[in-house]
Amino acid sequence: MRAPAATLAEAARRLETRFGAAAVLTTPAEVTPFLGDMMCREEEAPAVVFRPASARMLSEGLRALADLPLDFVPRGGGSGLAGGATPGRGRPSVIVSTERMRAIVKIDRAARLMVAEAGVVLADAQAAAEAAGLHLGLTHGGAGSASLGGSVATNAGGNNVLRYGMARDQILGIEAVLTDGTRIGNAAELWKDNSGYALGQVIAGSEGTLAFVTAVALKLRAGVLERKAALFAVASPEDALSLLDLAHEMLGEAVSAAELVSGSALHFAQTMGTATPLLDGAPDWMLLIEAERTSPWFDLPAGFDALLEAAFERDLVQDGIVAQSEGQRRSLWALREGIPEAMDLWRGAMLRTDCAVPVGRVPDFLARTAARIAAHDGRLHAVYFGHLGDGNIHLNAIPPEPAAPLPDQAGLAAAIEDVAIALGGTISAEHGIGLHKRHALARMKPEAELMWMERIKQAFDPAARLNPDKILLPRAGCGQGAPDS
């Protein structure tokens, strides 16, 4: 059998001969930035990087490598949080980067859609839609680096899922390439197409395990004319839910985000220097509500004033700030975004979770997980923040100081995930499964569902060469995989 180095050298030679030197990266300095995502890297993985400039080039390149013992790892912007773009340490891999596929093919105002290649950076797609007087509903924290293809392949979410839904909800069509080079689907410009199985919807959220996404057609909405935000201090998560219900009642579909922030989360961000308190005192819970106006006939400021008045009349809030300018709106969001920024600055042990439960069960989730953390280690701080409107509350457990240990982190993670599962929730709301949550998925999903997921994987990728060891744990007859990181 050819050694990994020889296999990669031959793969690079074939690709460079056919497509030129710009299509292939081979030196350690060139390849190292592609060896993982924000949460997991494999510095010792034997790999080269293939950078096709089109779906046709990708298809031809895969066919040229068909006889070599290689794995293929799709990669967008590398902003994932589950290890889904990480090559394996054993078998040689070709990392397929879409960074040269950055054409916005079309924006159709009348049809309210965008057609774009997979490598287009999400923030650039958002800006292009805005320049056309329209709005792309897909956004998340990694918009400045994440690609459209990666966002679709991971079914990315974000703060405005409450109004627009996940990445999958933005899709009209997907063009993709299988590992044998076969091109399937297309970036169809159809809002209605009821012609059989929707393979694009299967590929969306598959985390690069079924096919390479090469282009997408995405829905666009009416351009946002005005945004308004308010931050409220509330006594409890139950009151936060009641306040959100009131916001829906008074602002209707204009509500685009509802972010719950615990006092412990704000305190942590304050100590890390990434957030400044904006309300008097030290509230136990805060709710940030944002709404968008897309119609010239809707008076958004009046709606927020009425919401604030009604919230106080119903004794749902203890304090509140309604942003009176764009700068004030940004300052409210800076408080919320300062929390994950603080997490990134922390240099000690930390457990990050991405669970979701039915919206009405959020208070139960918070209470039960707080009890689990206290029972596990009473010195840990439970930091809660995230998307109340869709039930996705991020829980981070943090030791009292960076040098302090976090004992049995895997056991604590499983205990928190089990709470979510018991409440009818999920162990991964928006980050995906990747390498990190395969064992949790196996606990959550019924055996029959796991079996059908394996069958779908085999149908798309019978040789198991595409992003192996992601999502599903290896089982009898399903190949070998690396242990979870």
# chains A, B, ... in the order shown; residues from 1 in each chain; ligands from 1
>>> select_by_dssp(residues="segment 220-423 of chain A", states="helix (DSSP H, G or I)", output="PyMOL selection string")
chain A and resi 237-254+263-271+300-313+326-345+359-376+388-390+409-422
>>> closest_residue(among="A:Ala397, A:Ile427, A:Leu8, A:Leu335", to="Ala414 of chain A", atoms="only C-alpha atoms")
A:Ile427
>>> closest_atom_pairs(of="segment 187-283 of chain A", to="segment 111-121 of chain A", cutoff="12 Å", atoms="only C-alpha atoms", output="tab-separated table")
residue	atom	partner	partner_atom	distance
A:Ala187	CA	A:Val115	CA	6.6
A:Ala188	CA	A:Val115	CA	8.4
A:Glu189	CA	A:Leu113	CA	7.3
A:Leu190	CA	A:Ala111	CA	8.8
A:Trp191	CA	A:Ala111	CA	8.6
A:Lys192	CA	A:Ala111	CA	11.8
A:Phe212	CA	A:Ala118	CA	9.2
A:Val213	CA	A:Ala118	CA	6.3
A:Thr214	CA	A:Ala118	CA	4.8
A:Ala215	CA	A:Glu117	CA	4.1
A:Val216	CA	A:Ala116	CA	5.6
A:Ala217	CA	A:Val115	CA	4.3
A:Leu218	CA	A:Met114	CA	5.2
A:Lys219	CA	A:Leu113	CA	4.6
A:Leu220	CA	A:Arg112	CA	4.8
A:Arg221	CA	A:Arg112	CA	6.3
A:Ala222	CA	A:Arg112	CA	8.0
A:Gly223	CA	A:Arg112	CA	10.4
>>> write_last_selection(atoms="C-alpha atoms", output="short mmCIF file (atom, residue, chain, number, x, y, z; two decimals), in the first residue's frame")
data_model
loop_
_atom_site.label_atom_id
_atom_site.label_comp_id
_atom_site.auth_asym_id
_atom_site.auth_seq_id
_atom_site.Cartn_x
_atom_site.Cartn_y
_atom_site.Cartn_z
CA ALA A 187 -29.35 26.23 -7.36
CA ALA A 188 -32.95 26.27 -8.58
CA GLU A 189 -34.73 29.62 -8.63
CA LEU A 190 -38.08 28.08 -7.69
CA TRP A 191 -40.12 28.94 -4.65
CA LYS A 192 -42.35 25.93 -5.37
CA PHE A 212 -19.91 18.96 -1.34
CA VAL A 213 -22.17 22.01 -1.50
CA THR A 214 -21.02 24.11 -4.47
CA ALA A 215 -23.81 26.67 -4.93
CA VAL A 216 -27.06 27.71 -3.28
CA ALA A 217 -30.21 29.63 -4.12
CA LEU A 218 -31.43 31.49 -1.05
CA LYS A 219 -34.63 33.34 -0.20
CA LEU A 220 -34.43 37.08 0.28
CA ARG A 221 -36.89 39.23 2.18
CA ALA A 222 -37.96 42.85 2.10
CA GLY A 223 -35.19 45.18 3.17
#
>>> residues_around(residues="Pro69 of chain A", least_positions_apart="5", cutoff="12 Å", atoms="only C-alpha atoms", output="ChimeraX atom specification")
/A:1-8,10-11,90-94,463-466
>>> residues_around(residues="Arg314 of chain A", least_positions_apart="5", cutoff="10 Å", atoms="only C-alpha atoms", output="ChimeraX atom specification")
/A:242-243,246,309
